[in-house]
Every structure is written in C-alpha cells, then in structure tokens.
file run-v6.txt (compact mmCIF, C-alpha atoms)
# COMPACT_ATOMS: atom_id res chain seq x y z
CA MET R 19 -48.08 -63.50 28.24
CA ILE R 20 -45.86 -66.46 28.76
CA GLY R 21 -48.89 -68.63 29.30
CA ALA R 22 -50.52 -67.42 26.09
CA LEU R 23 -47.33 -68.04 24.14
CA GLY R 24 -47.04 -71.47 25.63
CA GLU R 25 -50.58 -72.36 24.71
CA GLY R 26 -50.07 -71.06 21.19
CA MET R 27 -47.05 -73.27 20.79
CA LEU R 28 -48.91 -76.22 22.22
CA THR R 29 -51.62 -75.96 19.58
CA ILE R 30 -48.99 -76.06 16.82
CA ALA R 31 -47.29 -79.17 18.05
CA ASP R 32 -47.93 -81.18 21.13
CA GLY R 33 -44.44 -81.78 22.34
CA PRO R 34 -41.70 -79.19 22.85
CA GLU R 35 -40.42 -79.04 26.37
CA MET R 36 -41.84 -75.78 27.63
CA PRO R 37 -39.80 -73.63 30.00
CA SER R 38 -41.87 -72.62 32.98
CA ILE R 39 -41.58 -70.52 36.06
CA ASN R 40 -40.68 -73.71 37.85
CA ASP R 41 -37.24 -73.12 36.32
CA PHE R 42 -36.92 -70.36 38.86
CA LEU R 43 -38.02 -72.52 41.74
CA PRO R 44 -35.64 -75.46 41.46
CA ASP R 45 -35.60 -77.94 44.29
CA PRO R 46 -32.57 -77.83 46.55
CA PHE R 47 -30.28 -80.81 46.10
CA VAL R 48 -28.14 -80.47 49.20
CA PHE R 49 -28.96 -79.49 52.78
CA GLN R 50 -32.66 -79.70 51.94
CA GLY R 51 -34.87 -78.24 54.63
CA THR R 52 -32.06 -76.23 56.26
CA PRO R 53 -31.34 -72.50 55.76
CA PHE R 54 -28.19 -73.56 53.87
CA ALA R 55 -29.98 -75.51 51.17
CA ILE R 56 -28.52 -75.08 47.69
CA ASN R 57 -30.53 -75.30 44.52
CA ARG R 58 -29.51 -74.83 40.91
CA ILE R 59 -29.72 -71.05 40.91
CA ILE R 60 -27.74 -70.78 44.14
CA LEU R 61 -25.12 -73.13 42.76
CA VAL R 62 -24.82 -70.95 39.66
CA ARG R 63 -24.56 -67.93 41.94
CA ILE R 64 -21.80 -69.47 44.04
CA LEU R 65 -19.85 -70.57 40.97
CA ALA R 66 -20.27 -67.19 39.31
CA THR R 67 -19.05 -65.47 42.46
CA ILE R 68 -15.99 -67.70 42.67
CA ILE R 69 -15.15 -67.25 39.00
CA MET R 70 -15.64 -63.49 39.14
CA MET R 71 -13.52 -63.12 42.26
CA LEU R 72 -10.80 -65.34 40.82
CA VAL R 73 -10.65 -63.47 37.53
CA LEU R 74 -10.84 -59.99 39.03
CA GLY R 75 -8.66 -60.95 41.99
CA ILE R 76 -5.89 -62.27 39.76
CA THR R 77 -6.18 -59.18 37.58
CA ALA R 78 -5.94 -56.91 40.61
CA SER R 79 -3.03 -58.75 42.18
CA ARG R 80 -1.12 -58.62 38.91
CA ALA R 81 -2.11 -55.02 38.18
CA LYS R 82 0.79 -53.19 36.62
CA LEU R 83 1.54 -49.55 36.04
CA ILE R 84 1.42 -50.10 32.31
CA PRO R 85 -1.75 -52.09 31.72
CA GLY R 86 -2.10 -54.94 29.26
CA ARG R 87 -5.23 -55.43 27.22
CA TRP R 88 -7.18 -57.32 29.84
CA GLN R 89 -6.15 -54.99 32.65
CA GLY R 90 -7.05 -52.08 30.41
CA ALA R 91 -10.53 -53.52 29.94
CA VAL R 92 -11.00 -54.02 33.68
CA GLU R 93 -9.75 -50.51 34.34
CA TRP R 94 -12.15 -49.21 31.74
CA LEU R 95 -14.98 -50.92 33.61
CA ILE R 96 -13.90 -49.43 36.93
CA GLU R 97 -13.60 -45.98 35.41
CA PHE R 98 -16.94 -46.38 33.66
CA VAL R 99 -18.70 -47.12 36.95
CA ARG R 100 -16.85 -44.36 38.75
CA ASP R 101 -17.13 -41.59 36.16
CA ASN R 102 -20.22 -42.44 34.14
CA ILE R 103 -22.42 -43.74 36.93
CA VAL R 104 -21.37 -42.41 40.31
CA TYR R 105 -19.67 -39.10 39.56
CA GLN R 106 -22.12 -38.20 36.84
CA VAL R 107 -25.08 -38.59 39.18
CA MET R 108 -23.62 -37.45 42.50
CA GLY R 109 -20.55 -35.47 41.64
CA GLU R 110 -17.09 -36.38 42.79
CA LEU R 111 -17.36 -34.93 46.29
CA ARG R 112 -20.34 -36.99 47.41
CA GLY R 113 -19.72 -39.85 45.06
CA LYS R 114 -16.30 -40.91 46.38
CA ARG R 115 -17.85 -42.66 49.37
CA TYR R 116 -20.17 -44.73 47.18
CA VAL R 117 -17.80 -45.79 44.40
CA PRO R 118 -16.98 -49.14 46.03
CA MET R 119 -20.63 -49.89 46.67
CA ILE R 120 -21.78 -49.08 43.15
CA THR R 121 -18.82 -50.96 41.68
CA THR R 122 -19.79 -53.99 43.73
CA VAL R 123 -23.42 -53.73 42.66
CA PHE R 124 -22.66 -53.19 39.00
CA CYS R 125 -19.95 -55.81 38.56
CA THR R 126 -21.75 -58.47 40.57
CA LEU R 127 -25.10 -57.97 38.88
CA LEU R 128 -23.43 -57.83 35.46
CA VAL R 129 -21.75 -61.18 36.02
CA PHE R 130 -24.85 -62.70 37.60
CA ASN R 131 -27.13 -61.49 34.80
CA LEU R 132 -24.76 -62.76 32.12
CA CYS R 133 -24.93 -66.25 33.65
CA GLY R 134 -28.33 -66.46 31.94
CA ILE R 135 -26.67 -66.77 28.54
CA ILE R 136 -23.51 -68.62 29.54
CA PRO R 137 -23.81 -72.18 28.28
CA GLY R 138 -23.76 -74.57 31.19
CA PHE R 139 -25.23 -72.07 33.60
CA ASN R 140 -28.19 -71.14 31.40
CA ILE R 141 -29.89 -69.25 34.15
CA ALA R 142 -29.11 -65.85 35.56
CA ALA R 143 -27.70 -66.00 39.08
CA SER R 144 -29.95 -63.05 39.79
CA ALA R 145 -33.04 -64.93 38.62
CA SER R 146 -34.50 -65.53 42.04
CA VAL R 147 -36.32 -62.69 43.69
CA THR R 148 -34.09 -62.79 46.75
CA LEU R 149 -30.85 -61.69 45.21
CA PRO R 150 -32.17 -58.49 43.61
CA LEU R 151 -34.06 -57.91 46.86
CA VAL R 152 -30.91 -58.17 48.94
CA PHE R 153 -29.13 -55.70 46.67
CA ALA R 154 -32.16 -53.41 46.79
CA MET R 155 -32.18 -53.59 50.58
CA TRP R 156 -28.55 -52.57 50.60
CA CYS R 157 -29.50 -49.55 48.53
CA PHE R 158 -32.45 -48.95 50.90
CA CYS R 159 -30.15 -48.93 53.94
CA GLN R 160 -27.66 -46.67 52.21
CA TYR R 161 -30.14 -43.98 51.28
CA TRP R 162 -31.68 -43.98 54.74
CA ILE R 163 -28.25 -43.76 56.35
CA ALA R 164 -27.23 -41.00 53.94
CA GLY R 165 -30.41 -39.04 54.64
CA ILE R 166 -30.11 -39.35 58.41
CA ARG R 167 -26.40 -38.49 58.34
CA GLU R 168 -26.73 -35.49 56.03
CA LYS R 169 -29.99 -33.98 57.27
CA GLY R 170 -30.97 -35.70 60.49
CA LEU R 171 -33.91 -38.11 60.64
CA GLY R 172 -36.64 -35.47 61.13
CA HIS R 173 -35.35 -33.19 58.45
CA PHE R 174 -34.85 -36.05 56.04
CA LEU R 175 -38.40 -37.37 56.55
CA ARG R 176 -39.87 -33.89 56.28
CA ASP R 177 -38.07 -33.21 53.03
CA GLU R 178 -39.07 -36.55 51.60
CA ILE R 179 -42.69 -36.74 52.74
CA PHE R 180 -43.56 -33.05 52.48
CA PRO R 181 -41.64 -31.82 49.47
CA LYS R 182 -41.20 -28.06 49.40
CA GLY R 183 -43.12 -25.84 47.01
CA VAL R 184 -46.32 -27.87 46.99
CA PRO R 185 -49.68 -26.36 48.07
CA ALA R 186 -50.74 -27.73 51.45
CA PRO R 187 -53.89 -29.66 50.36
CA ILE R 188 -51.85 -31.68 47.88
CA TYR R 189 -49.95 -33.19 50.79
CA ILE R 190 -53.01 -35.32 51.55
CA LEU R 191 -52.42 -37.10 48.29
CA LEU R 192 -48.71 -36.69 47.98
CA SER R 193 -47.45 -37.59 51.43
CA PRO R 194 -48.68 -41.19 51.53
CA ILE R 195 -47.26 -41.76 48.06
CA GLN R 196 -43.95 -40.24 49.07
CA LEU R 197 -43.79 -42.34 52.22
CA LEU R 198 -44.73 -45.43 50.27
CA GLU R 199 -42.06 -44.67 47.74
CA LEU R 200 -39.43 -44.15 50.37
CA LEU R 201 -40.25 -47.38 52.18
CA ILE R 202 -41.48 -49.79 49.56
CA ILE R 203 -41.60 -48.61 45.97
CA ARG R 204 -37.91 -47.82 45.56
CA PRO R 205 -36.49 -51.13 46.77
CA PHE R 206 -39.25 -53.21 45.26
CA SER R 207 -39.14 -51.52 41.88
CA LEU R 208 -35.41 -52.22 41.81
CA THR R 209 -36.04 -55.84 42.74
CA ILE R 210 -38.93 -56.52 40.38
CA ARG R 211 -37.35 -54.75 37.42
CA LEU R 212 -34.25 -56.88 37.55
CA PHE R 213 -35.95 -60.11 38.51
CA ALA R 214 -38.71 -59.84 35.91
CA ASN R 215 -36.20 -59.07 33.18
CA MET R 216 -34.17 -62.12 34.06
CA VAL R 217 -37.26 -64.34 34.23
CA SER R 218 -38.76 -63.18 30.94
CA GLY R 219 -35.41 -63.30 29.17
CA HIS R 220 -34.82 -66.84 30.29
CA LEU R 221 -38.33 -67.94 29.36
CA ILE R 222 -38.23 -66.49 25.86
CA LEU R 223 -34.74 -67.73 25.13
CA ALA R 224 -35.51 -71.21 26.48
CA LEU R 225 -38.75 -71.28 24.53
CA CYS R 226 -37.00 -70.43 21.27
CA LEU R 227 -34.29 -72.99 21.78
CA SER R 228 -36.53 -75.82 22.96
CA ALA R 229 -38.83 -75.16 20.01
CA THR R 230 -35.80 -75.33 17.72
CA GLN R 231 -34.83 -78.63 19.27
CA PHE R 232 -38.36 -79.91 18.80
CA PHE R 233 -38.82 -78.80 15.20
CA LEU R 234 -35.39 -79.73 13.92
CA ILE R 235 -34.68 -82.94 15.76
CA ASP R 236 -37.55 -84.38 17.75
CA VAL R 237 -40.45 -84.09 15.34
CA ALA R 238 -40.81 -86.75 12.68
CA ASN R 239 -42.48 -84.55 10.08
CA LYS R 240 -39.65 -82.85 8.17
CA LEU R 241 -42.03 -80.21 6.82
CA MET R 242 -41.76 -78.63 10.26
CA MET R 243 -38.08 -77.82 9.67
CA PRO R 244 -38.60 -74.21 8.48
CA PHE R 245 -40.26 -73.43 11.79
CA GLY R 246 -37.16 -74.70 13.50
CA ILE R 247 -34.98 -72.39 11.45
CA ILE R 248 -37.20 -69.46 12.35
CA THR R 249 -37.14 -70.30 16.04
CA PHE R 250 -33.39 -70.82 15.91
CA ALA R 251 -32.94 -67.37 14.36
CA ALA R 252 -35.23 -65.97 17.03
CA GLY R 253 -33.14 -67.79 19.64
CA MET R 254 -29.94 -66.24 18.26
CA PHE R 255 -31.53 -62.85 18.36
CA MET R 256 -32.79 -63.39 21.90
CA PHE R 257 -29.36 -64.57 22.99
CA LEU R 258 -27.81 -61.31 21.84
CA PHE R 259 -30.74 -59.37 23.19
CA GLU R 260 -30.29 -61.02 26.57
CA ALA R 261 -26.62 -60.03 26.57
CA LEU R 262 -27.76 -56.45 26.07
CA VAL R 263 -30.44 -56.77 28.75
CA ALA R 264 -27.95 -58.24 31.22
CA CYS R 265 -25.64 -55.22 30.83
CA LEU R 266 -28.49 -52.76 30.72
CA GLN R 267 -30.17 -54.08 33.86
CA ALA R 268 -26.90 -54.03 35.79
CA TYR R 269 -26.40 -50.46 34.62
CA ILE R 270 -29.95 -49.42 35.51
CA PHE R 271 -29.75 -51.02 38.93
CA ALA R 272 -26.44 -49.27 39.62
CA ILE R 273 -27.52 -45.87 38.36
CA LEU R 274 -30.86 -45.98 40.22
CA THR R 275 -29.12 -46.99 43.43
CA THR R 276 -26.83 -43.99 42.99
CA ALA R 277 -29.76 -41.72 42.22
CA TYR R 278 -31.75 -42.88 45.26
CA ILE R 279 -28.79 -42.28 47.55
CA ASN R 280 -28.21 -38.90 45.95
CA MET R 281 -31.82 -37.92 46.62
CA SER R 282 -31.15 -38.25 50.36
CA TYR R 283 -28.59 -35.49 50.18
CA PRO R 284 -29.61 -31.85 50.57
CA GLU R 285 -30.53 -30.12 47.32
CA ILE R 286 -27.76 -27.56 47.46
CA ASP R 287 -24.36 -28.09 48.91
CA MET T 9 -47.70 -76.42 35.11
CA VAL T 10 -48.33 -72.72 35.67
CA THR T 11 -50.28 -72.49 38.85
CA ALA T 12 -51.31 -69.52 40.96
CA ALA T 13 -49.49 -70.99 43.94
CA SER T 14 -46.15 -71.21 42.16
CA GLU T 15 -46.62 -67.77 40.64
CA MET T 16 -46.90 -66.34 44.12
CA GLU T 17 -44.07 -68.51 45.29
CA LEU T 18 -41.87 -66.93 42.67
CA PHE T 19 -41.92 -63.66 44.60
CA LEU T 20 -41.54 -65.13 48.06
CA PRO T 21 -37.93 -65.21 49.24
CA LYS T 22 -36.90 -68.54 50.65
CA SER T 23 -34.84 -68.60 53.81
CA TYR T 24 -31.94 -70.48 52.24
CA ASP T 25 -32.01 -68.14 49.27
CA ILE T 26 -31.83 -65.16 51.64
CA PHE T 27 -28.92 -66.80 53.40
CA TRP T 28 -26.95 -67.46 50.24
CA SER T 29 -27.75 -64.06 48.73
CA LEU T 30 -26.56 -62.30 51.86
CA VAL T 31 -23.43 -64.41 52.15
CA ILE T 32 -22.53 -63.74 48.56
CA LEU T 33 -23.32 -60.05 48.84
CA ILE T 34 -21.07 -59.74 51.88
CA ILE T 35 -18.27 -61.71 50.24
CA VAL T 36 -18.31 -59.69 47.01
CA ALA T 37 -18.66 -56.43 48.93
CA VAL T 38 -15.65 -57.25 51.09
CA PHE T 39 -13.77 -58.33 47.99
CA PHE T 40 -14.50 -55.08 46.15
CA TYR T 41 -14.13 -52.77 49.16
CA LYS T 42 -11.04 -54.26 50.73
CA PHE T 43 -9.08 -55.72 47.88
CA PHE T 44 -10.11 -55.04 44.32
CA LEU T 45 -10.73 -51.30 44.33
CA PRO T 46 -7.90 -50.29 46.72
CA LYS T 47 -5.52 -52.30 44.58
CA PHE T 48 -6.59 -50.53 41.42
CA GLN T 49 -6.76 -47.18 43.17
CA ALA T 50 -3.14 -47.66 44.18
CA VAL T 51 -2.24 -48.41 40.57
CA PHE T 52 -4.17 -45.34 39.38
CA ASP T 53 -2.50 -43.12 41.98
CA GLU T 54 0.93 -44.45 41.18
CA ARG T 55 0.32 -43.90 37.49
CA ALA T 56 -0.90 -40.34 38.08
CA ALA T 57 2.12 -39.62 40.26
CA LYS T 58 4.41 -41.05 37.64
CA ILE T 59 2.83 -39.01 34.87
CA GLU T 60 2.99 -35.85 36.95
CA GLY T 61 6.60 -36.65 37.86
CA GLY T 62 7.35 -37.25 34.21
CA ILE T 63 5.85 -33.91 33.24
CA ALA T 64 7.83 -32.11 35.94
CA LYS T 65 10.98 -33.89 34.84
CA ALA T 66 10.37 -32.94 31.23
CA GLU T 67 9.82 -29.34 32.24
CA GLN T 68 13.07 -29.36 34.21
CA ALA T 69 14.89 -30.87 31.26
CA GLN T 70 13.43 -28.24 28.96
CA LYS T 71 14.55 -25.51 31.34
CA ASP T 72 18.04 -26.98 31.57
CA ALA T 73 18.24 -27.23 27.81
CA ASP T 74 17.13 -23.62 27.41
CA GLU T 75 19.71 -22.48 29.91
CA ALA T 76 22.45 -24.46 28.23
CA LYS T 77 21.41 -23.08 24.86
CA ALA T 78 21.51 -19.51 26.14
CA LYS T 79 24.90 -20.17 27.69
CA TYR T 80 26.29 -21.65 24.49
CA GLU T 81 24.90 -18.83 22.42
CA ALA T 82 26.54 -16.29 24.71
CA GLN T 83 29.79 -18.21 24.54
CA LEU T 84 29.49 -18.42 20.79
CA SER T 85 29.02 -14.67 20.40
CA THR T 86 31.99 -13.93 22.71
CA ALA T 87 34.05 -16.37 20.72
CA ARG T 88 32.99 -14.69 17.54
CA VAL T 89 33.99 -11.27 18.86
CA GLU T 90 37.27 -12.68 20.09
CA ALA T 91 37.97 -14.31 16.77
CA SER T 92 37.38 -11.12 14.89
CA LYS T 93 39.62 -9.29 17.32
CA ILE T 94 42.32 -11.88 16.83
CA ARG T 95 41.93 -11.56 13.11
CA ASP T 96 42.25 -7.79 13.26
CA ASP T 97 45.31 -8.09 15.49
CA ALA T 98 46.88 -10.57 13.13
CA ARG T 99 46.21 -8.36 10.20
CA ALA T 100 47.73 -5.39 11.96
CA GLU T 101 50.72 -7.41 13.02
CA ALA T 102 51.19 -8.77 9.51
CA SER T 103 51.21 -5.31 8.00
CA HIS T 104 53.58 -4.23 10.73
CA ILE T 105 55.86 -7.16 9.97
CA ILE T 106 55.75 -6.38 6.26
CA ALA T 107 56.58 -2.74 6.87
CA ASP T 108 59.39 -3.75 9.18
CA ALA T 109 60.78 -6.19 6.69
CA ARG T 110 60.54 -3.65 3.96
CA SER T 111 62.40 -1.00 5.93
CA ARG T 112 65.03 -3.52 6.98
CA ALA T 113 65.45 -4.64 3.43
CA GLU T 114 65.76 -1.08 2.29
CA SER T 115 68.37 -0.29 4.89
CA ASP T 116 70.21 -3.49 4.05
CA ALA T 117 70.09 -2.60 0.42
CA ALA T 118 71.40 0.88 1.16
CA GLN T 119 74.17 -0.57 3.30
CA ILE T 120 75.12 -3.07 0.61
CA THR T 121 75.12 -0.32 -1.97
CA ALA T 122 77.28 1.85 0.27
CA THR T 123 79.70 -1.00 0.93
CA ALA T 124 79.91 -1.73 -2.77
CA GLN T 125 80.50 1.92 -3.46
CA ARG T 126 83.24 2.04 -0.89
CA SER T 127 84.88 -1.10 -2.18
CA ILE T 128 84.73 0.24 -5.74
CA GLU T 129 86.32 3.51 -4.60
CA SER T 130 89.06 1.76 -2.70
CA GLN T 131 89.78 -0.54 -5.62
CA GLN T 132 89.79 2.44 -7.87
CA GLN T 133 92.23 4.11 -5.51
CA GLN T 134 94.40 1.02 -5.43
CA ALA T 135 94.29 0.74 -9.17
CA LEU T 136 95.19 4.38 -9.41
CA VAL T 137 98.14 3.99 -7.06
CA SER T 138 99.47 0.90 -8.85
CA LEU T 139 98.86 2.59 -12.19
CA LYS T 140 100.78 5.60 -10.93
CA GLY T 141 103.83 3.36 -10.14
CA GLU T 142 103.70 1.48 -13.40
CA VAL T 143 103.08 4.59 -15.46
CA GLY T 144 106.17 6.13 -13.79
CA VAL T 145 108.35 3.15 -14.64
CA LEU T 146 107.01 2.99 -18.16
CA ALA T 147 107.35 6.67 -18.67
CA THR T 148 110.90 6.64 -17.32
CA ALA T 149 111.83 3.77 -19.55
CA LEU T 150 110.17 5.49 -22.48
CA ALA T 151 111.82 8.80 -21.69
CA GLY T 152 115.21 7.09 -21.25
CA LYS T 153 114.84 5.51 -24.62
CA ILE T 154 113.71 8.76 -26.12
CA LEU T 155 116.48 10.74 -24.44
CA GLY T 156 118.96 8.05 -25.25
CA SER T 157 120.50 8.30 -21.94
CA LYS T 158 119.70 6.48 -18.90
CA LEU T 159 118.98 8.57 -15.95
CA GLU T 160 121.71 7.49 -13.64
CA ASN T 161 120.49 9.06 -10.53
CA ASP T 162 117.59 7.31 -9.02
CA ASP T 163 116.66 10.27 -6.92
CA VAL T 164 116.47 12.51 -9.95
CA GLN T 165 114.58 9.83 -11.72
CA SER T 166 112.07 9.46 -8.97
CA SER T 167 111.54 13.19 -8.56
CA MET T 168 111.07 13.54 -12.28
CA ILE T 169 108.38 10.81 -12.30
CA ASP T 170 106.58 12.35 -9.38
CA GLN T 171 106.72 15.68 -11.11
CA MET T 172 105.27 14.13 -14.23
CA ILE T 173 102.46 12.39 -12.45
CA ALA T 174 101.62 15.52 -10.57
CA ASP T 175 101.39 17.27 -13.88
CA MET T 176 99.16 14.54 -15.28
CA ASP T 177 97.00 14.80 -12.22
CA SER T 178 96.68 18.49 -12.54
CA ASP T 179 95.94 18.07 -16.26
CA LYS T 180 93.31 15.57 -15.47
CA LYS T 181 91.77 17.90 -13.05

call {"tool": "encode", "arguments": {"input": "run-v6.txt", "output": "structure tokens"}}
result
Amino acid sequence: MIGALGEGMLTIADGPEMPSINDFLPDPFVFQGTPFAINRIILVRILATIIMMLVLGITASRAKLIPGRWQGAVEWLIEFVRDNIVYQVMGELRGKRYVPMITTVFCTLLVFNLCGIIPGFNIAASASVTLPLVFAMWCFCQYWIAGIREKGLGHFLRDEIFPKGVPAPIYILLSPIQLLELLIIRPFSLTIRLFANMVSGHLILALCLSATQFFLIDVANKLMMPFGIITFAAGMFMFLFEALVACLQAYIFAILTTAYINMSYPEID
Amino acid sequence: MVTAASEMELFLPKSYDIFWSLVILIIVAVFFYKFFLPKFQAVFDERAAKIEGGIAKAEQAQKDADEAKAKYEAQLSTARVEASKIRDDARAEASHIIADARSRAESDAAQITATAQRSIESQQQQALVSLKGEVGVLATALAGKILGSKLENDDVQSSMIDQMIADMDSDKK
C-alpha cells in the first residue's frame, strides 16, 4: 500500500522526499558492529526513557497527600491502568500481582509511541520490531509462569491444547492451532500489531508532511499550492490520529497482555 | 528504495536492538516496580487511612455533640422545673409576707386605737378632776356672793362643795 501511494505521488511530481521503510532501519552512529550500537531509534528510546523516568520520578518523589494538578493526572493514569485494565480483566485478587507489570507496559509503550509525533524525535521509540517483541516476550513468560504456577505444567498444557467441551475429532484441527497460538501467535500478534501501527503511522504522517513541504516550498509552479494545503490538512489530521493510535496501541497491548495472563488461570476460582 | 531484502530486514531483530530493548525494559520495570508504584501506593494508603481516620473522628465528634446536647437538654429541663419551683415558693412567701404585714398592721392599728382611747379617757378624767376643783371654787364664790356672806369655815366650805359635786354627779347619772 505504501509502495502504491509512493508511486502515485511520484507520477504527480517527481521530487518530494519519500519516507521509506529505511526510516526504520537507520544505521548505527556509535559502537557500530558491536551489540551496543546505537541508531536513531535507539537514541530516541534512550532519551524517552530518561525523560519519562525523570518526570515520573520527580512526581513520585514529590508526591503529596493532597495532589496538585499534575500529580492528580499521574494518579489518574495509575488508577486507570489498575482499575480499568488490570482489575477489570482479572479482578482485584489475581490482578494485584500484575499491576506493576501492566503499569510498566502501558506507561512505557505510551511514551514510546508518542515519540512518533513529538517534534525532534519524529519516530516512535517502539518503531523497531525488537522493542514490541521484547515486551511481548515478557508477556509470554508471564502467562507461562502463571499457568504453570496455578495449574501445573501438564494441567496447563492440557487445558490450553485440549479445551474442554469439544468433540474429540475436532482436536485434530484445534490442538495444533491452540499450541501455535500459545507459543507463537500471541506474542507475535502483540509485536506485529504495535510495530505495524507505528510504521504505517510514521509513513503516512511523513508522506503528508514531506508532500506539503514539496508543494508549498520546493516546487516552482505555484499552481501546485492547493495540493500542499490539502496535504498539510491531511498531515494535521494524521498527527492527531497518530496521537490517538499511540494511546490506543499502548492500551491494547496492556489489555491483551492482561487477558493472556488471565487465560492461564483456572476458569473458576 | 523499497526492496524485498529490507522488507524482511524490518522484521529481523538486530542484536544491538535486542540489547537496548532489554536494557530499557529492565530499567523501566525496576523503576516502576521498585520506586514509582510503591511510592504512589504509599500515598494512596496514607490518604485512605487519613480519610478513614477523618470519618471516625467526625463520628466521634458527632457522638460527643449528641451527648453534650442530651446533657444540656436534661440540665435545661431540670433548671426549668427548679425555676418554676422557685417562682411558686416566692409567690407563696410573698403572699405570706403580705398576710403577715397586714395582720401586724391591723394589730398595730388596734393598739394605736386602744392607746388613743386610753389617753383620751385619762385626759377626760383629768379634765373632769380639774373641772371639779374649779367648778367648786366658782360655785363657792358664786354662792358666797349670792348668800352675801362668806363662808368662814373652810371645812364647811369644802364639805359643801363636795356635797354639791356629788349631787351634780348623781344628777348627771
């Protein structure tokens, strides 16, 4: 789709600087060739982490009994994750253990996703496949641990691979799918959903803005200006849309992580 | 620009990316687990405790106020009863005092009247006695003039006067 769009734009005017998937594969600029190499996305990620920890850390260390506006907002966020994500899915009894994990996942992904629309960063810190994958693997470990702890390995696998209440022949079809889901589909769907959203969001937003730049400033023919206004409006819209997507994807990732862990628990307490 | 190789590459984690993702995940997880959430949990707990304490304190205060109100109301009603009793007593005493004063005044008045009566009687008596003497002298002088002779003998004179007065007395009676 991106390719088709790009080609379409190219036929209109041979010039705007097209965003490409190479934006997500920037070359490292320090420690090249070592496992500690840092590229643009990793730099954004490190900076975002530092800023987030500074802001939240200062808020936490100055937390007062009677909250100010900012503390109230942070508390609202904490309570939102706790009550509307964790407790709503798992209930308070089971959920208590996972509140810190889900808070970490939600807050970190929210900040990292929002980097995609923060001027200066301009790319989501979660816009390389590895970061969503690492978070998904954390979720993967947690739901395996929860299943083994709550049911025992054998019981957990039996419940997952041979769901109750299904006629025996169906297991031929169902069991491989269930196993596949348990091992691969869950973590990878989490990863791809987040990553692909960040990639497409960045591409569309960058496309709109570079086209605006091209039509309004670079191109000599002033008759092209209306196109620039249209692309700028589209860019504005995409900017806001990306803000929504950033929040939504963090929320989806957090709530699915909670749901996957909850599935490892026995049906009835 | 868009090649199949780089498209595949997009989904292949790089070792340094794995390293930095893991490092950052561990750092933020430690931050949230060990510092951020416990800190806020402490604030939440403290706030809840304070609110619960406040509610308990308010309930205690309400109870105290109710007790005090009941006590004051009881005191007020006793005071009211006492006041009415005092009023009744005062009224009774006042009427008693009035009656007393009246009887004393009456007795005083009676005494004064009696004294006056007595004094009038004694003055009347005195006047009578002195009148008796003077009437005697006058009568003697008158009689002497009428008789033309002076009664030489004082004893006769005196007995005659007494006789005369006694006659007047008996006439009067």

call {"tool": "residues_around", "arguments": {"input": "run-v6.txt", "residues": "His220 of chain R", "least_positions_apart": "4", "cutoff": "12 Å", "atoms": "only C-alpha atoms", "output": "MDAnalysis selection string"}}
result
chainID R and resid 20 36:42 131:136 139:146 213:216 224:228 253 256:257 259:261 263:264

call {"tool": "interface_residues", "arguments": {"input": "run-v6.txt", "of": "chain T", "to": "chain R", "cutoff": "12 Å", "atoms": "only C-alpha atoms", "output": "PyMOL selection string"}}
result
chain T and resi 9-59

call {"tool": "atom_distance", "arguments": {"input": "run-v6.txt", "atom1": "atom CA of Phe124 of chain R", "atom2": "atom CA of Met108 of chain R"}}
result
16.2 Å

call {"tool": "atom_distance", "arguments": {"input": "run-v6.txt", "atom1": "atom CA of Leu200 of chain R", "atom2": "atom CA of Leu127 of chain R"}}
result
23.0 Å

call {"tool": "atom_distance", "arguments": {"input": "run-v6.txt", "atom1": "atom CA of Gly144 of chain T", "atom2": "atom CA of Gln165 of chain T"}}
result
9.4 Å

call {"tool": "closest_residue", "arguments": {"input": "run-v6.txt", "among": "R:Thr230, R:Asn280, R:Gln196, R:Gln160", "to": "Phe180 of chain R", "atoms": "all atoms listed in the file"}}
result
R:Gln196

call {"tool": "residues_around", "arguments": {"input": "run-v6.txt", "residues": "Leu201 of chain R", "least_positions_apart": "6", "cutoff": "10 Å", "atoms": "all atoms listed in the file", "output": "ChimeraX atom specification"}}
result
/R:158,162,195

call {"tool": "residues_near_point", "arguments": {"input": "run-v6.txt", "point": "(-32.2, -42.3, 49.8)", "cutoff": "10 Å", "atoms": "only C-alpha atoms", "output": "PyMOL selection string"}}
result
chain R and resi 157-166+174+178+200-201+204+275-283

call {"tool": "axis_aligned_box", "arguments": {"input": "run-v6.txt", "around": "segment 235-244 of chain R", "padding_each_side": "5 Å", "output": "lines of an AutoDock Vina configuration file"}}
result
center_x = -38.6
center_y = -80.5
center_z = 12.3
size_x = 17.8
size_y = 22.5
size_z = 20.9

call {"tool": "build_atoms", "arguments": {"input": "run-v6.txt", "residues": "segment 261-265 of chain R", "atoms": "all heavy atoms", "output": "mmCIF file, in the frame of the given file"}}
result
data_model
loop_
_atom_site.group_PDB
_atom_site.id
_atom_site.type_symbol
_atom_site.label_atom_id
_atom_site.label_comp_id
_atom_site.auth_asym_id
_atom_site.auth_seq_id
_atom_site.Cartn_x
_atom_site.Cartn_y
_atom_site.Cartn_z
ATOM 1 N N ALA R 261 -27.929 -60.592 26.206
ATOM 2 C CA ALA R 261 -26.620 -60.030 26.570
ATOM 3 C C ALA R 261 -26.765 -58.540 26.812
ATOM 4 O O ALA R 261 -26.241 -57.982 27.790
ATOM 5 C CB ALA R 261 -25.599 -60.298 25.474
ATOM 6 N N LEU R 262 -27.510 -57.884 25.916
ATOM 7 C CA LEU R 262 -27.760 -56.450 26.070
ATOM 8 C C LEU R 262 -28.533 -56.182 27.359
ATOM 9 O O LEU R 262 -28.171 -55.295 28.155
ATOM 10 C CB LEU R 262 -28.535 -55.930 24.859
ATOM 11 C CG LEU R 262 -29.030 -54.492 24.973
ATOM 12 C CD1 LEU R 262 -27.864 -53.522 24.901
ATOM 13 C CD2 LEU R 262 -30.045 -54.174 23.891
ATOM 14 N N VAL R 263 -29.603 -56.972 27.571
ATOM 15 C CA VAL R 263 -30.440 -56.770 28.750
ATOM 16 C C VAL R 263 -29.628 -56.963 30.037
ATOM 17 O O VAL R 263 -29.772 -56.199 30.999
ATOM 18 C CB VAL R 263 -31.666 -57.721 28.719
ATOM 19 C CG1 VAL R 263 -32.373 -57.738 30.064
ATOM 20 C CG2 VAL R 263 -32.632 -57.294 27.634
ATOM 21 N N ALA R 264 -28.759 -57.964 30.027
ATOM 22 C CA ALA R 264 -27.950 -58.240 31.220
ATOM 23 C C ALA R 264 -27.113 -57.008 31.581
ATOM 24 O O ALA R 264 -27.079 -56.587 32.747
ATOM 25 C CB ALA R 264 -27.039 -59.439 30.964
ATOM 26 N N CYS R 265 -26.463 -56.413 30.580
ATOM 27 C CA CYS R 265 -25.640 -55.220 30.830
ATOM 28 C C CYS R 265 -26.526 -54.047 31.230
ATOM 29 O O CYS R 265 -26.230 -53.317 32.174
ATOM 30 C CB CYS R 265 -24.835 -54.853 29.589
ATOM 31 S SG CYS R 265 -23.755 -56.155 29.042
#
